[in-house]
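This is query_22.txt. It holds compact mmCIF, C-alpha atoms.
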# COMPACT_ATOMS: atom_id res chain seq x y z
CA MET A 6 -5.82 99.66 -1.23
CA THR A 7 -6.24 96.37 -3.05
CA GLN A 8 -4.74 94.45 -0.16
CA ILE A 9 -7.08 96.16 2.30
CA THR A 10 -10.19 95.37 0.28
CA ASP A 11 -8.99 91.78 -0.18
CA ARG A 12 -8.51 91.36 3.54
CA GLY A 13 -12.07 92.44 4.24
CA PRO A 14 -13.80 89.12 3.53
CA VAL A 15 -11.02 87.22 5.30
CA VAL A 16 -11.33 89.35 8.43
CA GLY A 17 -15.09 89.04 8.28
CA ALA A 18 -14.87 85.27 7.97
CA GLU A 19 -12.43 85.07 10.89
CA ALA A 20 -14.73 87.22 13.00
CA GLN A 21 -17.67 85.03 12.07
CA GLN A 22 -15.72 81.91 13.09
CA VAL A 23 -14.85 83.51 16.43
CA ASP A 24 -18.52 84.38 17.01
CA LEU A 25 -19.56 80.84 16.13
CA ALA A 26 -16.93 79.40 18.49
CA ARG A 27 -18.13 81.67 21.29
CA GLY A 28 -21.73 80.77 20.61
CA TYR A 29 -20.87 77.08 20.55
CA SER A 30 -18.97 77.39 23.83
CA ALA A 31 -21.86 79.25 25.38
CA GLN A 32 -24.25 76.59 24.14
CA GLN A 33 -22.07 73.88 25.69
CA GLN A 34 -22.07 75.75 28.99
CA ARG A 35 -25.86 76.05 28.93
CA GLN A 36 -26.18 72.34 28.20
CA LEU A 37 -23.83 71.57 31.08
CA HIS A 38 -25.90 73.71 33.46
CA ARG A 39 -29.08 71.99 32.26
CA MET A 40 -27.68 68.53 33.06
CA SER A 41 -29.33 66.70 35.87
CA PRO A 42 -27.21 65.88 38.95
CA ARG A 43 -27.37 62.23 38.00
CA ARG A 44 -25.97 62.98 34.55
CA ARG A 45 -23.19 65.11 36.02
CA ALA A 46 -22.29 62.36 38.49
CA GLY A 47 -22.11 59.84 35.65
CA LEU A 48 -19.86 62.15 33.62
CA ALA A 49 -17.58 62.70 36.61
CA LEU A 50 -17.42 58.94 37.21
CA GLN A 51 -16.35 58.41 33.60
CA HIS A 52 -13.50 60.90 34.01
CA VAL A 53 -12.41 59.23 37.26
CA VAL A 54 -12.37 55.80 35.61
CA LEU A 55 -10.37 57.11 32.64
CA ALA A 56 -7.90 58.82 34.94
CA ALA A 57 -7.49 55.61 36.97
CA LEU A 58 -6.91 53.54 33.84
CA SER A 59 -4.34 56.10 32.62
CA LEU A 60 -2.46 55.90 35.91
CA LEU A 61 -2.65 52.10 35.80
CA TRP A 62 -1.01 52.10 32.37
CA LEU A 63 1.52 54.86 33.06
CA GLY A 64 2.62 53.50 36.44
CA PRO A 65 4.80 50.62 35.16
CA VAL A 66 6.26 52.81 32.39
CA VAL A 67 7.27 55.53 34.87
CA LEU A 68 8.75 52.88 37.18
CA ILE A 69 10.83 51.38 34.35
CA VAL A 70 12.12 54.80 33.31
CA SER A 71 12.97 55.66 36.91
CA THR A 72 14.76 52.33 37.47
CA SER A 73 16.81 52.70 34.31
CA LEU A 74 18.13 56.08 35.51
CA LYS A 75 19.10 54.95 39.01
CA THR A 76 22.45 53.83 40.30
CA THR A 77 22.94 50.12 41.02
CA GLN A 78 23.07 50.72 44.77
CA ASP A 79 19.91 52.81 44.71
CA VAL A 80 18.02 50.14 42.76
CA ARG A 81 18.87 47.56 45.43
CA VAL A 82 18.13 49.79 48.41
CA ASN A 83 15.05 51.62 47.09
CA PRO A 84 13.65 49.68 44.10
CA PHE A 85 10.26 51.44 44.06
CA GLY A 86 11.48 54.97 44.69
CA LEU A 87 10.86 57.25 41.73
CA PHE A 88 13.85 59.20 40.36
CA SER A 89 15.74 59.08 43.66
CA SER A 90 19.07 59.19 41.80
CA PHE A 91 20.37 59.80 38.30
CA SER A 92 22.93 57.75 36.41
CA LEU A 93 23.43 56.43 32.86
CA GLU A 94 25.49 53.42 33.89
CA ASN A 95 22.57 51.06 33.30
CA PHE A 96 22.32 52.16 29.67
CA SER A 97 26.07 51.69 29.27
CA LYS A 98 25.89 48.17 30.69
CA ALA A 99 22.96 47.24 28.49
CA TRP A 100 24.40 48.77 25.32
CA VAL A 101 27.93 47.40 25.69
CA GLY A 102 27.47 44.27 27.80
CA GLY A 103 24.29 43.18 26.06
CA GLN A 104 25.62 44.05 22.57
CA PHE A 105 22.52 46.11 21.87
CA ASN A 106 24.28 48.09 19.17
CA ASP A 107 24.18 44.97 16.96
CA TYR A 108 20.58 44.25 17.93
CA VAL A 109 19.48 47.76 17.00
CA LEU A 110 21.08 47.45 13.57
CA ASN A 111 19.43 44.06 13.02
CA SER A 112 16.05 45.48 14.04
CA ILE A 113 16.43 48.29 11.53
CA LEU A 114 17.44 45.88 8.76
CA LEU A 115 14.40 43.74 9.51
CA THR A 116 11.82 46.46 10.12
CA LEU A 117 12.45 49.03 7.38
CA PRO A 118 12.57 46.69 4.33
CA SER A 119 9.58 44.64 5.45
CA THR A 120 7.54 47.77 6.25
CA ALA A 121 8.41 49.27 2.87
CA LEU A 122 7.42 46.06 1.07
CA ILE A 123 4.14 45.89 2.98
CA LEU A 124 3.31 49.48 2.05
CA VAL A 125 4.14 49.06 -1.65
CA LEU A 126 2.43 45.70 -2.14
CA SER A 127 -0.60 46.57 0.02
CA THR A 128 -1.17 49.87 -1.78
CA MET A 129 -0.91 48.29 -5.21
CA GLY A 130 -2.99 45.27 -4.18
CA GLY A 131 -5.65 47.40 -2.53
CA TYR A 132 -5.92 49.56 -5.64
CA ALA A 133 -6.18 46.51 -7.91
CA PHE A 134 -8.90 44.86 -5.83
CA ALA A 135 -10.85 48.12 -5.48
CA ARG A 136 -10.60 49.75 -8.93
CA LEU A 137 -9.46 47.24 -11.56
CA PRO A 138 -12.02 44.76 -12.91
CA PHE A 139 -10.39 41.43 -13.73
CA PRO A 140 -11.62 37.81 -13.75
CA GLY A 141 -11.59 36.17 -10.35
CA ARG A 142 -11.10 39.40 -8.44
CA SER A 143 -13.42 38.46 -5.59
CA VAL A 144 -11.93 34.98 -5.24
CA ALA A 145 -8.40 36.39 -5.20
CA PHE A 146 -9.33 39.03 -2.66
CA TYR A 147 -10.93 36.57 -0.25
CA THR A 148 -7.95 34.26 -0.69
CA VAL A 149 -5.69 37.08 0.47
CA ILE A 150 -8.02 37.91 3.35
CA LEU A 151 -7.88 34.27 4.41
CA GLY A 152 -4.44 35.12 5.78
CA LEU A 153 -6.19 37.10 8.53
CA LEU A 154 -8.10 34.01 9.63
CA VAL A 155 -5.30 31.44 9.58
CA PRO A 156 -3.06 31.81 12.67
CA PHE A 157 0.68 31.93 12.24
CA PHE A 158 1.05 28.90 14.51
CA ALA A 159 -0.71 26.76 11.90
CA PHE A 160 2.06 27.07 9.31
CA MET A 161 5.17 28.22 11.17
CA ILE A 162 6.74 24.72 11.30
CA PRO A 163 6.23 23.91 7.56
CA LEU A 164 7.53 27.40 6.76
CA TYR A 165 10.69 26.65 8.74
CA PHE A 166 11.49 23.61 6.58
CA GLN A 167 10.59 25.50 3.42
CA LEU A 168 12.98 28.34 4.26
CA ARG A 169 15.68 25.82 5.08
CA SER A 170 15.24 24.05 1.75
CA MET A 171 15.45 27.41 -0.07
CA GLY A 172 18.61 28.45 1.77
CA LEU A 173 16.85 31.41 3.42
CA LEU A 174 16.93 30.16 6.99
CA ASP A 175 18.99 32.33 9.35
CA THR A 176 19.11 35.18 6.81
CA LEU A 177 17.70 38.69 6.95
CA VAL A 178 16.12 38.23 3.51
CA GLY A 179 14.16 35.18 4.63
CA VAL A 180 12.83 36.86 7.77
CA ASP A 181 11.98 40.03 5.83
CA LEU A 182 9.91 37.95 3.42
CA VAL A 183 8.10 36.20 6.28
CA LEU A 184 7.32 39.49 8.00
CA THR A 185 6.08 40.96 4.72
CA VAL A 186 3.84 38.02 3.88
CA THR A 187 2.28 37.92 7.34
CA GLY A 188 1.52 41.66 7.19
CA LEU A 189 0.09 41.75 3.67
CA PRO A 190 -3.48 40.46 4.32
CA PHE A 191 -4.33 43.27 6.71
CA GLY A 192 -2.52 45.83 4.55
CA VAL A 193 -4.43 44.90 1.41
CA PHE A 194 -7.74 44.86 3.28
CA PHE A 195 -6.98 48.23 4.88
CA MET A 196 -5.92 50.03 1.70
CA ARG A 197 -8.77 48.58 -0.37
CA ALA A 198 -11.23 50.40 1.90
CA PHE A 199 -9.60 53.74 1.05
CA PHE A 200 -9.52 53.19 -2.70
CA LEU A 201 -13.15 52.01 -2.74
CA ASP A 202 -14.34 55.34 -1.33
CA LEU A 203 -12.70 57.48 -4.02
CA PRO A 204 -15.18 58.80 -6.62
CA VAL A 205 -15.24 57.08 -10.00
CA GLU A 206 -15.35 60.46 -11.76
CA LEU A 207 -11.70 61.06 -10.89
CA GLU A 208 -10.36 58.16 -12.92
CA GLN A 209 -12.92 58.72 -15.68
CA SER A 210 -11.80 62.30 -16.17
CA ALA A 211 -8.15 61.19 -16.07
CA ARG A 212 -8.80 58.60 -18.77
CA VAL A 213 -10.53 61.25 -20.90
CA ASP A 214 -7.37 63.33 -20.59
CA GLY A 215 -5.35 60.39 -21.90
CA ALA A 216 -3.78 59.18 -18.64
CA SER A 217 -2.63 55.58 -18.44
CA GLU A 218 -3.62 53.22 -15.65
CA TRP A 219 -0.29 53.73 -13.92
CA GLN A 220 -0.62 57.53 -14.15
CA ILE A 221 -4.12 57.33 -12.67
CA PHE A 222 -2.81 55.27 -9.78
CA TRP A 223 0.35 57.29 -9.16
CA ARG A 224 -0.80 60.86 -9.81
CA VAL A 225 -4.52 60.82 -9.07
CA MET A 226 -5.38 58.09 -6.59
CA LEU A 227 -2.26 57.69 -4.48
CA PRO A 228 -2.09 61.30 -3.18
CA LEU A 229 -5.67 60.94 -1.92
CA VAL A 230 -4.89 58.00 0.39
CA ARG A 231 -1.82 59.41 2.12
CA SER A 232 -3.46 59.23 5.54
CA GLY A 233 -4.15 55.53 5.05
CA ILE A 234 -0.58 54.87 3.89
CA SER A 235 0.81 56.72 6.93
CA ALA A 236 -1.41 54.79 9.33
CA LEU A 237 -0.55 51.46 7.73
CA GLY A 238 3.16 52.32 7.77
CA VAL A 239 3.17 53.11 11.49
CA PHE A 240 1.09 50.04 12.30
CA SER A 241 3.36 47.77 10.25
CA PHE A 242 6.49 49.33 11.75
CA ILE A 243 5.27 48.71 15.29
CA GLN A 244 4.15 45.16 14.54
CA THR A 245 7.44 44.28 12.85
CA TRP A 246 9.67 45.97 15.41
CA ASN A 247 7.93 44.18 18.30
CA ASN A 248 7.78 40.79 16.59
CA PHE A 249 9.43 38.14 18.74
CA LEU A 250 8.37 34.75 17.40
CA VAL A 251 9.50 35.11 13.78
CA PRO A 252 13.14 36.05 14.58
CA VAL A 253 13.34 33.34 17.24
CA LEU A 254 12.18 30.66 14.80
CA TYR A 255 13.93 31.67 11.60
CA LEU A 256 17.15 33.19 12.96
CA PRO A 257 18.42 30.25 15.03
CA GLY A 258 22.08 31.29 14.78
CA GLY A 259 21.55 34.32 17.00
CA GLU A 260 23.93 36.67 15.19
CA LEU A 261 21.16 38.45 13.26
CA ARG A 262 18.54 38.61 15.97
CA PRO A 263 16.81 41.98 16.65
CA LEU A 264 16.13 43.84 19.87
CA THR A 265 13.16 41.76 20.99
CA THR A 266 15.09 38.51 20.96
CA GLY A 267 18.22 40.30 22.14
CA LEU A 268 16.31 41.42 25.23
CA PHE A 269 15.36 37.81 25.89
CA THR A 270 18.99 36.71 25.45
CA PHE A 271 20.14 39.50 27.75
CA ILE A 272 18.19 38.14 30.74
CA SER A 273 18.58 34.41 30.10
CA GLY A 274 21.32 32.31 31.63
CA ARG A 275 22.51 34.98 34.07
CA GLN A 276 21.59 36.72 37.27
CA VAL A 277 19.06 39.39 36.43
CA ASP A 278 20.24 42.93 37.19
CA ILE A 279 17.13 45.10 37.32
CA GLY A 280 18.81 48.38 36.34
CA PRO A 281 20.37 47.26 33.04
CA LEU A 282 17.22 45.25 32.27
CA ALA A 283 15.08 48.38 32.63
CA ALA A 284 17.53 50.30 30.44
CA ALA A 285 17.35 47.55 27.81
CA CYS A 286 13.54 47.79 27.84
CA ILE A 287 13.76 51.55 27.31
CA ILE A 288 16.16 51.08 24.39
CA THR A 289 13.69 48.65 22.83
CA MET A 290 10.68 50.94 23.33
CA VAL A 291 12.12 54.31 22.33
CA PRO A 292 12.02 53.88 18.50
CA VAL A 293 8.41 52.70 18.55
CA VAL A 294 7.27 55.49 20.86
CA ALA A 295 9.15 58.09 18.80
CA VAL A 296 7.60 56.94 15.53
CA PHE A 297 4.12 56.93 17.02
CA LEU A 298 4.49 60.38 18.59
CA VAL A 299 5.72 61.88 15.33
CA MET A 300 2.99 60.23 13.25
CA GLN A 301 0.11 60.10 15.75
CA ARG A 302 -2.04 62.64 13.88
CA GLN A 303 -1.70 60.77 10.58
CA VAL A 304 -2.38 57.48 12.36
CA ALA A 305 -5.56 58.81 13.96
CA GLN A 306 -6.80 60.30 10.68
CA GLY A 307 -5.98 57.13 8.77
CA PHE A 308 -7.70 54.70 11.11
CA ILE A 309 -10.76 56.94 11.57
CA SER A 310 -11.10 57.37 7.81
CA GLY A 311 -10.62 53.64 7.27
CA ALA A 312 -13.27 52.82 9.84
CA VAL A 313 -15.76 55.21 8.23
CA LYS A 314 -14.96 54.14 4.68
CA GLY A 315 -14.83 50.41 5.36
What's the structure tokens form of this structure?
Amino acid sequence: MTQITDRGPVVGAEAQQVDLARGYSAQQQRQLHRMSPRRRAGLALQHVVLAALSLLWLGPVVLIVSTSLKTTQDVRVNPFGLFSSFSLENFSKAWVGGQFNDYVLNSILLTLPSTALILVLSTMGGYAFARLPFPGRSVAFYTVILGLLVPFFAFMIPLYFQLRSMGLLDTLVGVDLVLTVTGLPFGVFFMRAFFLDLPVELEQSARVDGASEWQIFWRVMLPLVRSGISALGVFSFIQTWNNFLVPVLYLPGGELRPLTTGLFTFISGRQVDIGPLAAACIITMVPVVAVFLVMQRQVAQGFISGAVKG
């Protein structure tokens, strides 16, 4: 009997939500019927434009996927035919002939450490600039943000000689540090917006309970900005994975180059075979697309919250 009486308010609330949803849907339908023909035509035109833009973006992607799954003969005879044959020989040629197994490992060793460093340092820096009063905080913050205004081309040559003098040229550690430093200004700026919006009463009550500054950061504040951390992590992962210029400049030996530069090496100095090239592009894109599809909800929540809070 207790369970039945406890379910009463829940069932009533669910029924109320259903009624509200039906009422809201009915209200939308009435508003749609009240629209003028000109308004309806404008709304239909918007949908047509969005559909055309979607097809314009998806067209090359579908063509690349179709080409990568064709046989070599079919690619030459019918290059624009979609999924006219099925074969994995292009992926085999790209993976073995282009040595993409080494490139994938190098991309992982460059992307994961730099993304982790960006997340840790940006979260701690954003918290410090948002919640900790210390002398020169504004000057230090705007100095960090200056990294968003200075283009990488302005200091890439001096940085080359500096890495060479430090013995970090043509090493994964050196490139990881460069990728981390170039991603920090945006990360600090992004995370600071989240920490600024948190109520002051949270840390005040934690201090009254005897929590240290680290405990306030780790146990109170950090769980409240998970959406921002997820969004920043995905953004940093994509930026680092797709980075082409930094590995080209600071990995001149070629043995430690990632997928982006490996794709460039795969098509240079030889006759271009469209099938394996399309397969190589798919191999390069799959990790980024997979990460985004898995984390797309967190990314959307994080960037929307950051836009509102900033």
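Reported to one decimal place, the separation of CA of Asn247 in chain A from CA of Gly233 in chain A is 21.2 Å.
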Discussion item. Quick one: residues within 9 Å of Ala236 in chain A, only C-alpha atoms, excluding same-chain residues fewer than 3 positions away - as JSON, numbers by chain?
Written reply: {"A": [231, 232, 233, 239, 240, 241, 300, 301, 303, 304, 305, 306, 307, 308]}
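Distances from A:Gln51, A:Ser127, A:Gln78, A:Ser97 to Pro281 in chain A were compared using only C-alpha atoms, and the smallest one belongs to A:Ser97.
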Item to complete: Just give me the gap between CA of Leu182 in chain A and CA of Gly130 in chain A in Å, one decimal is fine.
Response: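 These atoms are spaced 16.7 Å apart.
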Worksheet item: Rounded to one decimal in Å, what is the spacing between CA of Phe242 in chain A and CA of Leu126 in chain A?
Response: 14.9 Å
